[in-house]
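What follows is the content of query_17.txt (compact mmCIF, C-alpha atoms and all ligand atoms).
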```
# COMPACT_ATOMS: atom_id res chain seq x y z
CA MET A 481 127.76 102.46 104.81
CA ASN A 482 131.23 103.31 106.12
CA LYS A 483 131.94 104.67 109.61
CA SER A 484 132.39 108.26 108.52
CA ALA A 485 129.04 108.20 106.68
CA ALA A 486 127.43 106.88 109.87
CA ARG A 487 129.03 109.70 111.88
CA THR A 488 127.88 112.34 109.39
CA GLY A 489 124.38 110.85 109.37
CA ALA A 490 124.12 110.81 113.17
CA ARG A 491 124.98 114.50 113.39
CA GLY A 492 123.15 115.38 110.20
CA SER A 493 124.86 116.96 107.16
CA ALA A 494 124.56 120.70 106.43
CA LEU A 495 121.62 119.89 104.16
CA LEU A 496 119.87 117.80 106.81
CA ASN A 497 120.46 120.48 109.42
CA VAL A 498 118.60 122.98 107.26
CA MET A 499 115.69 120.55 106.95
CA ILE A 500 115.76 119.67 110.67
CA ASP A 501 115.75 123.36 111.56
CA ALA A 502 112.69 124.02 109.35
CA ALA A 503 110.81 120.95 110.63
CA GLY A 504 111.60 121.82 114.26
CA LYS A 505 110.38 125.41 113.94
CA ALA A 506 107.18 124.35 112.14
CA GLY A 507 106.57 121.53 114.63
CA ARG A 508 106.89 123.85 117.60
CA SER A 509 104.38 126.22 116.01
CA LEU A 510 101.97 123.29 115.52
CA VAL A 511 102.35 122.20 119.15
CA ARG A 512 101.53 125.73 120.36
CA ASP A 513 98.35 125.71 118.27
CA PHE A 514 97.53 122.13 119.28
CA GLY A 515 97.41 123.35 122.88
CA ASP A 516 94.41 125.52 121.98
CA ILE A 517 92.53 122.81 120.12
CA GLU A 518 90.89 121.26 123.15
CA ASN A 519 89.14 124.53 123.99
CA LEU A 520 87.73 124.71 120.49
CA GLN A 521 86.24 121.18 120.39
CA VAL A 522 83.07 122.34 122.11
CA SER A 523 82.45 125.32 119.84
CA LYS A 524 79.67 124.81 117.29
CA LYS A 525 81.80 125.55 114.26
CA GLY A 526 84.55 123.32 115.59
CA PRO A 527 88.22 124.02 115.19
CA ALA A 528 88.43 123.39 111.39
CA ASP A 529 89.35 126.96 110.38
CA PHE A 530 91.78 127.17 113.24
CA VAL A 531 93.52 123.98 112.09
CA SER A 532 93.70 125.20 108.53
CA ASN A 533 95.45 128.35 109.80
CA ALA A 534 97.86 126.30 111.93
CA ASP A 535 98.67 124.23 108.84
CA LYS A 536 99.30 127.33 106.67
CA LYS A 537 101.37 128.96 109.40
CA ALA A 538 103.60 125.83 109.63
CA GLU A 539 103.99 125.76 105.85
CA LYS A 540 104.99 129.45 105.79
CA ILE A 541 107.68 128.82 108.41
CA ILE A 542 109.06 125.92 106.35
CA PHE A 543 108.92 127.90 103.11
CA GLU A 544 110.75 130.88 104.61
CA THR A 545 113.37 128.82 106.44
CA LEU A 546 114.21 126.66 103.43
CA THR A 547 114.17 129.59 101.01
CA LYS A 548 116.58 131.52 103.19
CA ALA A 549 118.98 128.56 103.36
CA ARG A 550 118.69 127.41 99.73
CA PRO A 551 117.23 130.33 97.73
CA LYS A 552 117.34 128.59 94.35
CA PHE A 553 115.52 125.35 95.20
CA GLY A 554 111.89 124.85 94.07
CA PHE A 555 108.98 123.48 96.10
CA LEU A 556 106.04 121.13 95.96
CA MET A 557 103.96 121.95 99.02
CA GLU A 558 100.57 120.62 100.01
CA GLU A 559 99.02 124.05 100.55
CA ARG A 560 100.90 126.30 98.09
CA GLY A 561 101.40 123.70 95.36
CA VAL A 562 104.35 124.06 92.98
CA VAL A 563 106.79 126.93 93.40
CA GLU A 564 109.34 126.85 90.58
CA GLY A 565 113.00 127.30 91.54
CA GLU A 566 115.97 128.49 89.52
CA ASP A 567 117.78 125.23 90.35
CA ILE A 568 115.93 122.57 88.39
CA SER A 569 117.78 119.67 90.07
CA ASN A 570 116.56 120.29 93.61
CA ARG A 571 112.99 120.48 94.87
CA TRP A 572 111.59 120.38 98.39
CA ILE A 573 108.46 118.26 98.88
CA VAL A 574 106.60 119.38 101.98
CA ASP A 575 103.64 118.31 104.08
CA PRO A 576 103.50 120.89 106.89
CA LEU A 577 100.95 118.88 108.87
CA ASP A 578 100.47 115.18 108.23
CA GLY A 579 97.69 113.79 110.37
CA THR A 580 95.35 116.77 110.07
CA LEU A 581 92.30 114.85 111.21
CA ASN A 582 94.14 113.73 114.36
CA PHE A 583 95.20 117.32 115.04
CA LEU A 584 91.62 118.52 114.53
CA HIS A 585 90.29 115.97 117.01
CA GLY A 586 92.90 116.64 119.65
CA LEU A 587 94.77 113.37 118.99
CA PRO A 588 98.50 113.95 119.49
CA HIS A 589 99.71 111.92 116.50
CA PHE A 590 100.81 114.22 113.66
CA ALA A 591 104.01 115.29 111.97
CA VAL A 592 105.88 117.66 109.70
CA SER A 593 107.38 116.02 106.61
CA ILE A 594 110.10 117.55 104.42
CA ALA A 595 111.88 115.76 101.58
CA LEU A 596 114.48 116.84 99.06
CA GLU A 597 114.02 115.46 95.57
CA ARG A 598 117.30 115.67 93.68
CA ASP A 599 117.44 114.92 89.94
CA GLY A 600 114.12 113.11 90.12
CA GLU A 601 114.92 110.84 93.06
CA MET A 602 114.11 111.12 96.75
CA TYR A 603 117.43 112.15 98.24
CA ALA A 604 116.83 113.28 101.84
CA GLY A 605 113.92 113.21 104.25
CA VAL A 606 113.02 114.62 107.65
CA ILE A 607 109.87 113.71 109.57
CA TYR A 608 109.26 115.42 112.89
CA GLU A 609 106.71 114.26 115.44
CA PRO A 610 106.62 117.37 117.62
CA VAL A 611 104.48 116.24 120.58
CA SER A 612 106.97 113.51 121.47
CA ASP A 613 109.95 115.44 120.05
CA GLN A 614 111.00 112.63 117.72
CA MET A 615 113.07 113.89 114.79
CA PHE A 616 113.59 111.26 112.09
CA TRP A 617 116.08 111.97 109.32
CA ALA A 618 117.83 110.24 106.44
CA GLU A 619 120.02 111.14 103.51
CA LYS A 620 120.93 108.87 100.63
CA GLY A 621 123.94 106.73 101.54
CA GLN A 622 124.19 108.15 105.09
CA GLY A 623 121.71 105.94 106.98
CA ALA A 624 118.49 106.76 108.84
CA PHE A 625 118.36 108.25 112.35
CA LEU A 626 115.98 109.12 115.16
CA ASN A 627 117.29 111.95 117.34
CA GLY A 628 120.82 110.89 116.35
CA ARG A 629 120.34 107.16 116.96
CA ARG A 630 120.82 104.87 113.96
CA LEU A 631 117.62 103.21 112.72
CA ARG A 632 117.15 99.73 111.29
CA VAL A 633 113.97 98.13 110.04
CA SER A 634 112.62 95.24 112.07
CA ALA A 635 114.15 91.77 111.72
CA ARG A 636 110.87 89.86 112.27
CA LYS A 637 110.06 87.59 109.41
CA ASP A 638 107.06 85.59 110.61
CA LEU A 639 103.75 87.13 109.65
CA GLU A 640 102.05 85.87 112.80
CA GLU A 641 104.43 88.06 114.83
CA SER A 642 104.21 91.02 112.47
CA VAL A 643 102.32 94.29 112.94
CA PHE A 644 101.24 96.15 109.82
CA ALA A 645 99.95 99.69 109.47
CA THR A 646 97.64 101.02 106.81
CA GLY A 647 95.38 103.91 105.87
CA ILE A 648 91.64 103.41 105.67
CA PRO A 649 89.98 105.14 102.70
CA PHE A 650 87.44 107.69 103.88
CA MET A 651 84.41 109.55 102.57
CA GLY A 652 84.74 110.48 98.93
CA ARG A 653 87.22 107.70 98.08
CA GLU A 654 86.09 105.01 95.67
CA ASP A 655 88.31 102.17 96.81
CA HIS A 656 86.48 101.01 99.95
CA GLN A 657 85.78 97.46 98.77
CA PRO A 658 89.30 96.67 97.51
CA PHE A 659 90.64 98.00 100.82
CA LEU A 660 88.34 95.73 102.83
CA ALA A 661 89.57 92.76 100.80
CA GLN A 662 93.20 93.70 101.55
CA LEU A 663 92.47 94.15 105.23
CA GLU A 664 90.77 90.80 105.43
CA GLN A 665 93.84 89.12 103.94
CA VAL A 666 96.34 90.86 106.20
CA MET A 667 94.36 90.56 109.45
CA ALA A 668 93.90 86.84 108.92
CA VAL A 669 97.63 86.11 109.02
CA SER A 670 99.28 88.85 111.09
CA ALA A 671 99.59 89.80 114.76
CA GLY A 672 97.66 93.02 114.14
CA VAL A 673 96.85 95.92 111.86
CA ARG A 674 97.06 99.56 112.95
CA ARG A 675 95.59 102.78 111.53
CA PHE A 676 97.15 105.77 113.26
CA GLY A 677 96.29 108.43 110.67
CA ALA A 678 99.60 109.98 109.55
CA ALA A 679 101.21 108.29 106.57
CA ALA A 680 104.56 110.05 107.03
CA LEU A 681 104.79 108.65 110.56
CA ASP A 682 103.70 105.21 109.36
CA LEU A 683 106.74 105.20 107.07
CA ALA A 684 109.04 106.58 109.78
CA TYR A 685 107.84 103.83 112.13
CA VAL A 686 108.65 101.15 109.55
CA ALA A 687 112.15 102.66 109.35
CA ALA A 688 112.34 102.53 113.16
CA GLY A 689 111.40 98.83 113.21
CA ARG A 690 108.11 99.49 115.04
CA TYR A 691 105.95 97.99 112.30
CA GLU A 692 107.05 95.25 109.94
CA GLY A 693 105.22 96.96 107.11
CA PHE A 694 102.80 99.64 105.89
CA TRP A 695 100.57 99.85 102.86
CA GLU A 696 98.24 102.57 101.61
CA LYS A 697 96.64 103.74 98.39
CA GLY A 698 95.45 107.26 97.55
CA LEU A 699 98.49 109.10 98.91
CA ASN A 700 100.14 112.24 97.57
CA ALA A 701 103.84 112.86 96.97
CA TRP A 702 104.16 114.93 100.18
CA ASP A 703 102.75 112.07 102.31
CA MET A 704 105.46 109.65 101.15
CA ALA A 705 108.54 111.50 99.89
CA ALA A 706 110.52 111.83 103.13
CA GLY A 707 109.39 108.44 104.42
CA ILE A 708 110.65 106.69 101.29
CA VAL A 709 114.21 107.86 102.01
CA LEU A 710 113.91 106.87 105.68
CA VAL A 711 112.73 103.33 104.98
CA ARG A 712 115.36 102.75 102.29
CA GLU A 713 118.17 104.10 104.46
CA ALA A 714 117.01 101.93 107.37
CA GLY A 715 117.45 98.88 105.13
CA GLY A 716 113.79 98.42 104.19
CA MET A 717 111.97 98.07 100.90
CA VAL A 718 109.57 100.56 99.33
CA THR A 719 107.57 99.89 96.16
CA ASP A 720 104.15 100.46 94.61
CA PHE A 721 101.62 97.59 94.67
CA ALA A 722 103.09 96.22 91.40
CA ASN A 723 106.58 95.93 92.96
CA ARG A 724 107.90 98.88 90.97
CA ALA A 725 109.27 102.20 92.15
CA ARG A 726 106.37 104.30 90.89
CA MET A 727 104.96 105.10 94.34
CA ILE A 728 104.62 108.83 93.72
CA SER A 729 102.94 108.65 90.30
CA ARG A 730 100.59 105.85 91.40
CA GLY A 731 99.91 107.32 94.84
CA GLU A 732 100.41 103.99 96.58
CA VAL A 733 103.06 102.41 98.72
CA ILE A 734 104.14 99.17 100.31
CA ALA A 735 107.01 99.72 102.75
CA THR A 736 108.42 96.83 104.77
CA ASN A 737 111.45 95.37 106.42
CA GLU A 738 113.68 93.30 104.13
CA VAL A 739 111.86 90.02 104.63
CA THR A 740 108.10 90.62 104.60
CA HIS A 741 107.85 92.58 101.36
CA ASN A 742 106.83 89.75 99.06
CA ALA A 743 104.35 88.39 101.56
CA LEU A 744 102.64 91.74 102.18
CA ARG A 745 102.60 92.54 98.46
CA LYS A 746 100.81 89.27 97.71
CA LEU A 747 98.27 89.91 100.48
CA VAL A 748 97.37 93.39 99.28
CA LYS A 749 97.41 92.55 95.57
CA ILE A 750 94.15 93.75 94.08
CA PRO A 751 92.79 91.07 91.75
C1 LIG A 801 96.65 112.16 105.38
C2 LIG A 801 97.30 111.20 106.36
C3 LIG A 801 96.51 109.93 106.47
C4 LIG A 801 96.28 109.28 105.14
C5 LIG A 801 95.64 110.26 104.17
C6 LIG A 801 96.49 111.53 104.05
P1 LIG A 801 96.91 114.80 105.82
O1 LIG A 801 97.41 113.35 105.24
O2 LIG A 801 98.61 110.90 105.96
O3 LIG A 801 97.16 108.99 107.29
O4 LIG A 801 95.46 108.16 105.29
O5 LIG A 801 95.52 109.66 102.91
O6 LIG A 801 95.85 112.44 103.17
O7 LIG A 801 95.69 115.17 105.07
O8 LIG A 801 96.67 114.60 107.26
O9 LIG A 801 98.08 115.67 105.47
CA CA A 802 99.58 114.18 104.49
CA CA A 803 98.80 117.77 105.32
```

Show this structure as structure tokens.
Amino acid sequence: MNKSAARTGARGSALLNVMIDAAGKAGRSLVRDFGDIENLQVSKKGPADFVSNADKKAEKIIFETLTKARPKFGFLMEERGVVEGEDISNRWIVDPLDGTLNFLHGLPHFAVSIALERDGEMYAGVIYEPVSDQMFWAEKGQGAFLNGRRLRVSARKDLEESVFATGIPFMGREDHQPFLAQLEQVMAVSAGVRRFGAAALDLAYVAAGRYEGFWEKGLNAWDMAAGIVLVREAGGMVTDFANRARMISRGEVIATNEVTHNALRKLVKIP
């Protein structure tokens, strides 16, 4: 990356600014609603309907902001699904609230995730963690940034010093046993394994060098799309479990710094 690309990336291009604006507005709406969650924990019905409304409200804000700025682009959104656009090259992929279960339980670890898919590849990504006001962004060839500071994946190469994040399959998922086998392999050789409950943030944290790697199966396009751009632009590696680039179609991802990819892939390989 040349110096002018780095400067553009740090400020954010016009495209990124549109995405950052949408993520910021949606994130602030989520934080306002999150403030009311604690009061609802004690109600018998629980805050589930309230959270679903907060989620839809955030998605509406993103949809309207992005549509105003780029009227011809299409969408793939978690709540609304596919919205066809006149421009077939550009499509937004949006998760308005990643970490729903955390949000529902009053745990302040959740994010807004917005990606732009251009001609079939993940081109730009913004992930916003609103409680801590951390805005992660990346655009192809421009680098990855956190609130304007350049991001690099971690340089640690020894597994015994490495921290890995994952997602634990929950009720209704069939892959509990294979997951336990993977976990057993990784926990035996690493410094620790984390499960924070928001895949988009797991990927952003790999880009920020906080974890050496992340793996999860059973993900949707909107969980991964923005994070894929971030990890790549921070100098990391992102593949499916078979070391190919079919993360979205297979719903699985291994994202690491440059040096631990092979090792993590071998550990999580399902026989
Ligand atoms: C979920 C989170 C979680 C992951 C799940 C996702 P949601 O997204 O990213 O970390 O383990 O597979 O569905 O439902 O909170 O948007
Ligand atoms: Ca999600
Ligand atoms: Ca979601």

Using only C-alpha atoms and all ligand atoms, determine which residues fall within 9 Å of ligand LIG 801 (chain A), then list them as a PDB file with C-alpha atoms, keeping the file's coordinate frame.
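This is the output file pocket_28.pdb:
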```pdb
ATOM      1  CA  GLU A 558     100.570 120.620 100.010  1.00  0.00           C
ATOM      2  CA  ASP A 575     103.640 118.310 104.080  1.00  0.00           C
ATOM      3  CA  PRO A 576     103.500 120.890 106.890  1.00  0.00           C
ATOM      4  CA  LEU A 577     100.950 118.880 108.870  1.00  0.00           C
ATOM      5  CA  ASP A 578     100.470 115.180 108.230  1.00  0.00           C
ATOM      6  CA  GLY A 579      97.690 113.790 110.370  1.00  0.00           C
ATOM      7  CA  THR A 580      95.350 116.770 110.070  1.00  0.00           C
ATOM      8  CA  LEU A 581      92.300 114.850 111.210  1.00  0.00           C
ATOM      9  CA  ASN A 582      94.140 113.730 114.360  1.00  0.00           C
ATOM     10  CA  PHE A 583      95.200 117.320 115.040  1.00  0.00           C
ATOM     11  CA  PHE A 590     100.810 114.220 113.660  1.00  0.00           C
ATOM     12  CA  ALA A 591     104.010 115.290 111.970  1.00  0.00           C
ATOM     13  CA  THR A 646      97.640 101.020 106.810  1.00  0.00           C
ATOM     14  CA  GLY A 647      95.380 103.910 105.870  1.00  0.00           C
ATOM     15  CA  ILE A 648      91.640 103.410 105.670  1.00  0.00           C
ATOM     16  CA  PRO A 649      89.980 105.140 102.700  1.00  0.00           C
ATOM     17  CA  PHE A 650      87.440 107.690 103.880  1.00  0.00           C
ATOM     18  CA  ARG A 675      95.590 102.780 111.530  1.00  0.00           C
ATOM     19  CA  PHE A 676      97.150 105.770 113.260  1.00  0.00           C
ATOM     20  CA  GLY A 677      96.290 108.430 110.670  1.00  0.00           C
ATOM     21  CA  ALA A 678      99.600 109.980 109.550  1.00  0.00           C
ATOM     22  CA  ALA A 679     101.210 108.290 106.570  1.00  0.00           C
ATOM     23  CA  ALA A 680     104.560 110.050 107.030  1.00  0.00           C
ATOM     24  CA  LEU A 681     104.790 108.650 110.560  1.00  0.00           C
ATOM     25  CA  ASP A 682     103.700 105.210 109.360  1.00  0.00           C
ATOM     26  CA  GLU A 696      98.240 102.570 101.610  1.00  0.00           C
ATOM     27  CA  LYS A 697      96.640 103.740  98.390  1.00  0.00           C
ATOM     28  CA  GLY A 698      95.450 107.260  97.550  1.00  0.00           C
ATOM     29  CA  LEU A 699      98.490 109.100  98.910  1.00  0.00           C
ATOM     30  CA  ASN A 700     100.140 112.240  97.570  1.00  0.00           C
ATOM     31  CA  TRP A 702     104.160 114.930 100.180  1.00  0.00           C
ATOM     32  CA  ASP A 703     102.750 112.070 102.310  1.00  0.00           C
ATOM     33  CA  MET A 704     105.460 109.650 101.150  1.00  0.00           C
TER      34      MET A 704
END
```

For a quick check of understanding, using all atoms listed in the file, which of A:Ala743, A:Met615, A:Ala722, A:Val574 has the smallest distance to ligand CA 802 (chain A)?
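Smallest distance to ligand CA 802 (chain A) is found for A:Val574.
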
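In this comparison, which uses all atoms listed in the file, the residue of A:Glu539, A:Glu654, A:Glu566, A:Glu601 approaching Gly554 in chain A most closely is A:Glu566.
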
Can you work out the spacing between CA of Gly565 in chain A and CA of Arg550 in chain A in Å, to one decimal?
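CA of Arg550 in chain A lies at a distance of 10.0 Å from CA of Gly565 in chain A.
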
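The gap separating CA of Gly605 in chain A from CA of Thr736 in chain A is 17.3 Å, in Å to one decimal.
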
Using only C-alpha atoms, which protein or nucleic acid residues come within 10 Å of Arg636 in chain A? Drop anything in the same chain fewer than 5 positions from it, and give the result as a short mmCIF file (atom, residue, chain, number, x, y, z; two decimals) with C-alpha atoms, in the frame of the given file.
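Okay, this is what ended up in part38.cif:
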```cif
data_model
loop_
_atom_site.label_atom_id
_atom_site.label_comp_id
_atom_site.auth_asym_id
_atom_site.auth_seq_id
_atom_site.Cartn_x
_atom_site.Cartn_y
_atom_site.Cartn_z
CA GLU A 641 104.43 88.06 114.83
CA SER A 642 104.21 91.02 112.47
CA VAL A 643 102.32 94.29 112.94
CA GLY A 689 111.40 98.83 113.21
CA TYR A 691 105.95 97.99 112.30
CA GLU A 692 107.05 95.25 109.94
CA ASN A 737 111.45 95.37 106.42
CA GLU A 738 113.68 93.30 104.13
CA VAL A 739 111.86 90.02 104.63
CA THR A 740 108.10 90.62 104.60
#
```

Can you tell me how far CA of Phe543 in chain A sits from CA of Gly561 in chain A, in Å to one decimal?
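Rounded to one decimal, the two atoms are 11.6 Å apart.
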
Could you write range 536-550 of chain A of the block just shown to a file containing N, CA, C and O atoms, as a compact mmCIF listing (two decimals), in the first residue's frame?
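Contents of the output file part_6.txt:
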```txt
# COMPACT_ATOMS: atom_id res chain seq x y z
N LYS A 536 -34.68 -4.36 14.08
CA LYS A 536 -35.38 -3.89 12.85
C LYS A 536 -35.22 -2.39 12.66
O LYS A 536 -35.06 -1.90 11.55
N LYS A 537 -35.26 -1.67 13.78
CA LYS A 537 -35.10 -0.21 13.71
C LYS A 537 -33.71 0.12 13.16
O LYS A 537 -33.55 0.97 12.28
N ALA A 538 -32.67 -0.59 13.67
CA ALA A 538 -31.29 -0.35 13.21
C ALA A 538 -31.17 -0.68 11.72
O ALA A 538 -30.54 0.05 10.95
N GLU A 539 -31.81 -1.76 11.31
CA GLU A 539 -31.74 -2.15 9.90
C GLU A 539 -32.40 -1.10 8.99
O GLU A 539 -31.90 -0.78 7.92
N LYS A 540 -33.52 -0.56 9.48
CA LYS A 540 -34.24 0.47 8.70
C LYS A 540 -33.35 1.71 8.52
O LYS A 540 -33.27 2.28 7.43
N ILE A 541 -32.67 2.09 9.59
CA ILE A 541 -31.78 3.27 9.52
C ILE A 541 -30.69 3.03 8.47
O ILE A 541 -30.40 3.89 7.64
N ILE A 542 -30.11 1.82 8.50
CA ILE A 542 -29.04 1.49 7.54
C ILE A 542 -29.60 1.49 6.12
O ILE A 542 -29.01 2.07 5.20
N PHE A 543 -30.74 0.84 5.95
CA PHE A 543 -31.36 0.75 4.62
C PHE A 543 -31.62 2.15 4.06
O PHE A 543 -31.26 2.45 2.92
N GLU A 544 -32.19 3.01 4.87
CA GLU A 544 -32.54 4.36 4.38
C GLU A 544 -31.30 5.20 4.11
O GLU A 544 -31.23 5.90 3.11
N THR A 545 -30.32 5.10 5.00
CA THR A 545 -29.10 5.91 4.81
C THR A 545 -28.34 5.48 3.56
O THR A 545 -27.89 6.31 2.76
N LEU A 546 -28.20 4.17 3.39
CA LEU A 546 -27.44 3.67 2.23
C LEU A 546 -28.21 3.90 0.93
O LEU A 546 -27.61 4.23 -0.11
N THR A 547 -29.52 3.76 0.98
CA THR A 547 -30.33 3.95 -0.23
C THR A 547 -30.27 5.41 -0.68
O THR A 547 -30.19 5.70 -1.88
N LYS A 548 -30.29 6.30 0.30
CA LYS A 548 -30.21 7.73 -0.05
C LYS A 548 -28.87 8.05 -0.73
O LYS A 548 -28.82 8.77 -1.71
N ALA A 549 -27.79 7.45 -0.20
CA ALA A 549 -26.45 7.76 -0.71
C ALA A 549 -26.15 7.04 -2.03
O ALA A 549 -25.46 7.58 -2.90
N ARG A 550 -26.62 5.82 -2.17
CA ARG A 550 -26.35 5.01 -3.37
C ARG A 550 -27.65 4.32 -3.80
O ARG A 550 -27.86 3.13 -3.56
```
